[in-house]
Every structure is written in structure tokens, then in C-alpha cells.
>>> print(open('coords-v3.txt').read())   # compact mmCIF, C-alpha atoms
# COMPACT_ATOMS: atom_id res chain seq x y z
CA MET A 1 22.15 -0.34 18.01
CA ARG A 2 24.05 -2.79 20.19
CA SER A 3 23.12 -6.48 20.23
CA GLU A 4 24.27 -9.65 21.97
CA GLU A 5 23.20 -13.29 22.10
CA ILE A 6 23.10 -15.24 25.33
CA GLN A 7 22.49 -18.94 25.88
CA ILE A 8 20.01 -20.12 28.51
CA ARG A 9 19.96 -23.72 29.71
CA THR A 10 16.29 -24.57 30.22
CA GLY A 11 16.77 -28.30 30.73
CA SER A 12 14.19 -30.99 30.10
CA ASP A 13 11.26 -29.45 32.02
CA GLU A 14 8.82 -26.72 31.04
CA VAL A 15 10.16 -23.50 32.47
CA VAL A 16 9.59 -19.81 32.98
CA HIS A 17 13.17 -18.52 33.27
CA ASP A 18 13.67 -14.99 34.63
CA LEU A 19 15.92 -13.04 32.24
CA THR A 20 15.75 -9.72 34.10
CA ARG A 21 19.26 -9.90 35.61
CA GLU A 22 20.77 -10.84 32.24
CA CYS A 23 18.96 -7.87 30.68
CA GLU A 24 20.18 -5.51 33.40
CA ARG A 25 23.74 -6.79 32.96
CA PHE A 26 23.47 -6.18 29.22
CA LEU A 27 22.45 -2.57 29.95
CA ASP A 28 25.26 -1.96 32.49
CA SER A 29 27.29 0.07 29.98
CA GLU A 30 24.30 2.20 28.92
CA ASP A 31 23.39 5.48 30.58
CA GLY A 32 20.94 6.89 28.06
CA ASP A 33 17.35 6.33 27.00
CA GLY A 34 16.16 3.83 24.44
CA LEU A 35 14.50 0.47 23.98
CA LEU A 36 15.61 -3.01 24.98
CA HIS A 37 14.33 -5.62 22.56
CA VAL A 38 14.38 -9.25 23.75
CA TRP A 39 14.06 -11.81 20.94
CA VAL A 40 13.97 -15.61 21.13
CA PRO A 41 14.73 -17.05 17.67
CA HIS A 42 12.92 -20.34 18.27
CA ALA A 43 9.61 -21.72 16.97
CA THR A 44 8.73 -23.13 20.39
CA ALA A 45 9.61 -20.44 22.97
CA GLY A 46 8.31 -17.04 24.00
CA VAL A 47 9.01 -13.99 26.14
CA ALA A 48 6.60 -12.81 28.83
CA ILE A 49 6.59 -9.85 31.20
CA ILE A 50 5.14 -11.27 34.43
CA GLU A 51 5.64 -11.48 38.17
CA THR A 52 7.87 -14.35 39.29
CA GLY A 53 8.48 -16.08 42.59
CA ALA A 54 4.91 -15.74 43.90
CA GLY A 55 3.42 -18.53 41.81
CA SER A 56 2.56 -16.58 38.64
CA ASP A 57 5.29 -18.36 36.70
CA ASP A 58 3.80 -21.75 37.61
CA ASP A 59 0.31 -20.38 36.94
CA LEU A 60 1.40 -19.40 33.42
CA LEU A 61 2.61 -22.94 32.70
CA THR A 62 -0.64 -24.35 34.13
CA ALA A 63 -2.71 -21.99 31.97
CA LEU A 64 -0.74 -22.96 28.86
CA GLU A 65 -1.32 -26.65 29.64
CA ARG A 66 -5.07 -25.99 29.97
CA ILE A 67 -5.25 -23.94 26.76
CA LEU A 68 -2.82 -26.16 24.82
CA PRO A 69 -3.01 -29.65 26.35
CA ARG A 70 -0.32 -32.15 25.38
CA ASP A 71 -2.86 -34.95 24.99
CA VAL A 72 -4.59 -33.35 21.99
CA LYS A 73 -3.81 -35.00 18.66
CA TRP A 74 -1.72 -32.20 17.19
CA ARG A 75 -0.98 -32.37 13.46
CA HIS A 76 2.63 -31.37 14.10
CA ARG A 77 3.84 -34.66 15.58
CA HIS A 78 7.62 -35.03 15.69
CA GLY A 79 9.43 -35.05 19.05
CA THR A 80 7.93 -35.73 22.46
CA PRO A 81 4.19 -36.59 22.44
CA GLY A 82 2.18 -33.37 22.35
CA HIS A 83 5.08 -31.37 20.90
CA GLY A 84 2.72 -29.74 18.41
CA ARG A 85 1.45 -27.52 21.24
CA ASP A 86 4.96 -26.12 21.67
CA HIS A 87 4.77 -24.79 18.11
CA VAL A 88 1.41 -23.11 18.80
CA MET A 89 2.49 -21.58 22.14
CA PRO A 90 4.38 -18.59 20.61
CA ALA A 91 1.09 -17.38 19.14
CA LEU A 92 -0.02 -16.82 22.75
CA VAL A 93 3.34 -15.92 24.32
CA PRO A 94 5.19 -14.12 21.53
CA PRO A 95 8.92 -14.68 20.96
CA TYR A 96 9.77 -11.05 21.73
CA ALA A 97 9.27 -8.11 24.09
CA THR A 98 10.35 -4.48 23.94
CA ILE A 99 10.94 -2.58 27.18
CA PRO A 100 11.63 1.16 27.53
CA VAL A 101 14.98 2.08 29.10
CA LEU A 102 15.46 5.45 30.85
CA GLY A 103 18.91 6.50 31.98
CA GLY A 104 20.20 2.99 31.33
CA VAL A 105 17.54 1.43 33.61
CA LEU A 106 14.67 -0.86 32.58
CA THR A 107 11.29 0.76 33.25
CA LEU A 108 9.65 -2.40 34.58
CA GLY A 109 6.88 -2.16 37.14
CA THR A 110 7.53 -3.20 40.74
CA TRP A 111 6.60 -6.86 40.27
CA GLN A 112 7.42 -7.27 36.58
CA SER A 113 10.16 -9.55 35.28
CA ILE A 114 11.29 -10.39 31.75
CA CYS A 115 10.94 -14.15 31.30
CA LEU A 116 11.79 -16.79 28.73
CA VAL A 117 8.86 -19.22 28.45
CA ASP A 118 9.92 -22.65 27.19
CA THR A 119 7.46 -25.56 27.03
CA ASN A 120 9.61 -27.61 24.64
CA VAL A 121 11.22 -30.34 26.74
CA ASP A 122 13.15 -31.59 23.69
CA ASN A 123 15.35 -28.47 23.42
CA PRO A 124 17.44 -27.93 26.60
CA VAL A 125 19.37 -24.80 25.46
CA ARG A 126 17.84 -21.58 24.13
CA THR A 127 19.33 -18.54 22.46
CA VAL A 128 18.11 -15.10 23.49
CA ARG A 129 19.11 -11.97 21.56
CA LEU A 130 19.23 -8.72 23.54
CA SER A 131 19.31 -5.51 21.50
CA PHE A 132 19.52 -1.93 22.73
CA LEU A 133 18.31 0.82 20.43
CA ALA A 134 19.40 4.18 21.80
CA GLY A 135 16.82 6.97 21.70
>>> encode(input="coords-v3.txt", output="C-alpha cells")
Amino acid sequence: MRSEEIQIRTGSDEVVHDLTRECERFLDSEDGDGLLHVWVPHATAGVAIIETGAGSDDDLLTALERILPRDVKWRHRHGTPGHGRDHVMPALVPPYATIPVLGGVLTLGTWQSICLVDTNVDNPVRTVRLSFLAG
């Protein structure tokens, strides 16, 4: 297995950050089959496989706001008001994804992208671990 950590600057806004290019770069030296595992070691971030650039990324953030509104009185209360929702979000958008790799190439569908989902405006930098398990 080969593994590497990368840092992603998400800033102070909720964001769906496309990681696909970083994942492809990580796989540049691979030519075999296996699995790419993407892991976000944070209690308030997730990984989603979705379409980006056509509004789906914004739709995801809107859906999360509707499902997990900031104005609810969350029991987890440190940080920015409503921060408790950020700790519940990974139950809906898990902090990992595993994608098959064939011949060193991700087997994503035409419109699929690998995305970091970060609703925590208090944490502007995220760590993402990419791991390749050869088949």
C-alpha cells in the first residue's frame, strides 16, 4: 500500500472542494489495478462522489443546510453558532470513499468527481489521506 497526506485550504466558507485532480496526480505513478481510498481524518468533514460545476455542489450544501440547519439548538455548542451540525454532517456524508482503479486510472463515471465536503467554517485547512491498495 502507498499512502500520502495532502492539505486542502477550504477557507472560512462552507465548501465542496473537488479532489479529483489531486487523486489523479497521486495515481500518476501507478499502472496497475487496485483501490484508491480517500480519508478525511476530521470530525466535521466528509467525502462525496458527485457531479461538480453544474450546481450539484451548491445543491449539496443547500440540502445539508435544510437537513442540518445552523439555527437549531445543538447540544455540541463550541465554535461558531450552529457548529454542532458540523459534527453530525459526517453521519450523512462519510469521511471516506473508496474508488476502483484500473490500469492506474480512476473508474469514475462521466460526471462523477471526488469531493471534500467541509461545512465547518472554523477550520480553514483540512488534511486528506490518499491511499492506493494494489490489487
>>> closest_residue(input="coords-v3.txt", among="A:Gly135, A:Pro69, A:Gly11, A:Pro95", to="A:Cys115", atoms="all atoms listed in the file")
A:Pro95
>>> atom_distance(input="coords-v3.txt", atom1="atom CA of A:Gly32", atom2="atom CA of A:Leu116")
25.4 Å
>>> closest_residue(input="coords-v3.txt", among="A:Leu130, A:Ser113, A:Val125, A:Asn120", to="A:Arg9", atoms="all atoms listed in the file")
A:Val125
>>> residues_around(input="coords-v3.txt", residues="A:Trp39", least_positions_apart="3", cutoff="8 Å", atoms="all atoms listed in the file", output="list in words")
Val47, Pro95, Tyr96, Ala97, Val128, Arg129 and Leu130 of chain A
>>> closest_residue(input="coords-v3.txt", among="A:Arg66, A:His83, A:His37, A:Arg75", to="A:Glu5", atoms="only C-alpha atoms")
A:His37
>>> closest_residue(input="coords-v3.txt", among="A:Ser12, A:Pro124, A:Gly53, A:Arg85", to="A:Ile67", atoms="all atoms listed in the file")
A:Arg85
>>> closest_residue(input="coords-v3.txt", among="A:Leu61, A:Ile99, A:Ala45, A:Val72", to="A:Asn123", atoms="only C-alpha atoms")
A:Ala45
>>> closest_residue(input="coords-v3.txt", among="A:Ala48, A:Ile114, A:Val93, A:Ile6", to="A:Asp18", atoms="all atoms listed in the file")
A:Ile114
>>> residues_around(input="coords-v3.txt", residues="A:Gly82", least_positions_apart="2", cutoff="12 Å", atoms="only C-alpha atoms", output="VMD selection string")
chain A and resid 65 68 to 80 84 to 89 119 to 122
>>> atom_distance(input="coords-v3.txt", atom1="atom CA of A:Thr10", atom2="atom CA of A:Leu106")
23.9 Å
>>> atom_distance(input="coords-v3.txt", atom1="atom CA of A:Gly55", atom2="atom CA of A:Val16")
10.8 Å
>>> closest_atom_pairs(input="coords-v3.txt", of="stretch 30-108 of chain A", to="stretch 131-134 of chain A", cutoff="9 Å", atoms="only C-alpha atoms", output="tab-separated table")
residue	atom	partner	partner_atom	distance
A:Glu30	CA	A:Phe132	CA	8.8
A:Gly32	CA	A:Ala134	CA	7.0
A:Asp33	CA	A:Ala134	CA	6.0
A:Gly34	CA	A:Ala134	CA	4.2
A:Leu35	CA	A:Leu133	CA	5.2
A:Leu36	CA	A:Phe132	CA	4.6
A:His37	CA	A:Ser131	CA	5.1
A:Val38	CA	A:Ser131	CA	6.6
A:Trp39	CA	A:Ser131	CA	8.2
A:Val101	CA	A:Ala134	CA	8.8
>>> decode(input="coords-v3.txt", residues="stretch 10-93 of chain A", atoms="C-alpha atoms", output="mmCIF file, in the first residue's frame")
data_model
loop_
_atom_site.group_PDB
_atom_site.id
_atom_site.type_symbol
_atom_site.label_atom_id
_atom_site.label_comp_id
_atom_site.auth_asym_id
_atom_site.auth_seq_id
_atom_site.Cartn_x
_atom_site.Cartn_y
_atom_site.Cartn_z
ATOM 1 C CA THR A 10 -11.058 25.337 2.486
ATOM 2 C CA GLY A 11 -11.170 28.851 3.928
ATOM 3 C CA SER A 12 -13.938 30.297 6.057
ATOM 4 C CA ASP A 13 -16.929 29.336 3.873
ATOM 5 C CA GLU A 14 -18.775 26.048 3.513
ATOM 6 C CA VAL A 15 -17.288 24.288 0.526
ATOM 7 C CA VAL A 16 -17.436 21.290 -1.760
ATOM 8 C CA HIS A 17 -13.830 21.061 -2.962
ATOM 9 C CA ASP A 18 -13.104 18.846 -5.980
ATOM 10 C CA LEU A 19 -10.234 16.472 -5.124
ATOM 11 C CA THR A 20 -10.284 14.541 -8.404
ATOM 12 C CA ARG A 21 -7.145 16.143 -9.888
ATOM 13 C CA GLU A 22 -5.210 15.598 -6.651
ATOM 14 C CA CYS A 23 -6.314 11.938 -6.690
ATOM 15 C CA GLU A 24 -5.280 11.527 -10.330
ATOM 16 C CA ARG A 25 -1.898 13.114 -9.584
ATOM 17 C CA PHE A 26 -1.431 10.712 -6.686
ATOM 18 C CA LEU A 27 -2.078 7.799 -9.073
ATOM 19 C CA ASP A 28 0.305 9.096 -11.792
ATOM 20 C CA SER A 29 2.991 6.555 -10.854
ATOM 21 C CA GLU A 30 0.539 3.620 -10.797
ATOM 22 C CA ASP A 31 -0.198 1.473 -13.823
ATOM 23 C CA GLY A 32 -1.969 -1.452 -12.193
ATOM 24 C CA ASP A 33 -5.355 -2.225 -10.709
ATOM 25 C CA GLY A 34 -6.409 -1.606 -7.140
ATOM 26 C CA LEU A 35 -8.389 0.689 -4.886
ATOM 27 C CA LEU A 36 -7.949 4.352 -4.046
ATOM 28 C CA HIS A 37 -9.123 5.122 -0.533
ATOM 29 C CA VAL A 38 -9.761 8.783 0.314
ATOM 30 C CA TRP A 39 -9.924 9.516 4.053
ATOM 31 C CA VAL A 40 -10.552 12.813 5.844
ATOM 32 C CA PRO A 41 -9.402 12.490 9.481
ATOM 33 C CA HIS A 42 -11.708 15.210 10.799
ATOM 34 C CA ALA A 43 -14.891 15.077 12.894
ATOM 35 C CA THR A 44 -16.534 17.771 10.771
ATOM 36 C CA ALA A 45 -15.768 16.929 7.115
ATOM 37 C CA GLY A 46 -16.765 14.287 4.591
ATOM 38 C CA VAL A 47 -16.048 12.887 1.145
ATOM 39 C CA ALA A 48 -18.709 12.718 -1.565
ATOM 40 C CA ILE A 49 -18.737 11.371 -5.103
ATOM 41 C CA ILE A 50 -20.897 13.865 -7.010
ATOM 42 C CA GLU A 51 -21.094 15.974 -10.144
ATOM 43 C CA THR A 52 -19.492 19.406 -9.805
ATOM 44 C CA GLY A 53 -19.702 22.610 -11.789
ATOM 45 C CA ALA A 54 -23.363 22.242 -12.797
ATOM 46 C CA GLY A 55 -24.826 23.284 -9.449
ATOM 47 C CA SER A 56 -24.857 19.905 -7.675
ATOM 48 C CA ASP A 57 -22.091 21.015 -5.324
ATOM 49 C CA ASP A 58 -24.149 24.038 -4.238
ATOM 50 C CA ASP A 59 -27.263 21.837 -4.084
ATOM 51 C CA LEU A 60 -25.453 19.510 -1.673
ATOM 52 C CA LEU A 61 -24.617 22.398 0.657
ATOM 53 C CA THR A 62 -28.224 23.632 0.428
ATOM 54 C CA ALA A 63 -29.557 20.153 1.233
ATOM 55 C CA LEU A 64 -27.226 19.855 4.223
ATOM 56 C CA GLU A 65 -28.420 23.243 5.498
ATOM 57 C CA ARG A 66 -32.047 22.083 5.193
ATOM 58 C CA ILE A 67 -31.387 18.745 6.891
ATOM 59 C CA LEU A 68 -28.974 20.168 9.491
ATOM 60 C CA PRO A 69 -29.888 23.836 9.988
ATOM 61 C CA ARG A 70 -27.428 26.023 11.885
ATOM 62 C CA ASP A 71 -30.208 27.698 13.865
ATOM 63 C CA VAL A 72 -31.169 24.518 15.744
ATOM 64 C CA LYS A 73 -30.046 24.445 19.369
ATOM 65 C CA TRP A 74 -27.381 21.772 19.024
ATOM 66 C CA ARG A 75 -26.034 20.236 22.234
ATOM 67 C CA HIS A 76 -22.488 20.434 20.869
ATOM 68 C CA ARG A 77 -22.002 24.197 21.197
ATOM 69 C CA HIS A 78 -18.380 25.334 20.986
ATOM 70 C CA GLY A 79 -17.205 27.356 17.971
ATOM 71 C CA THR A 80 -19.347 29.301 15.540
ATOM 72 C CA PRO A 81 -23.111 29.264 16.298
ATOM 73 C CA GLY A 82 -24.628 26.079 14.890
ATOM 74 C CA HIS A 83 -21.276 24.268 14.861
ATOM 75 C CA GLY A 84 -22.932 21.182 16.345
ATOM 76 C CA ARG A 85 -24.368 20.428 12.895
ATOM 77 C CA ASP A 86 -20.829 20.164 11.522
ATOM 78 C CA HIS A 87 -20.224 17.254 13.894
ATOM 79 C CA VAL A 88 -23.395 15.482 12.722
ATOM 80 C CA MET A 89 -22.724 16.049 8.994
ATOM 81 C CA PRO A 90 -20.212 13.143 8.612
ATOM 82 C CA ALA A 91 -23.005 10.730 9.517
ATOM 83 C CA LEU A 92 -24.646 11.799 6.232
ATOM 84 C CA VAL A 93 -21.519 12.493 4.154
#
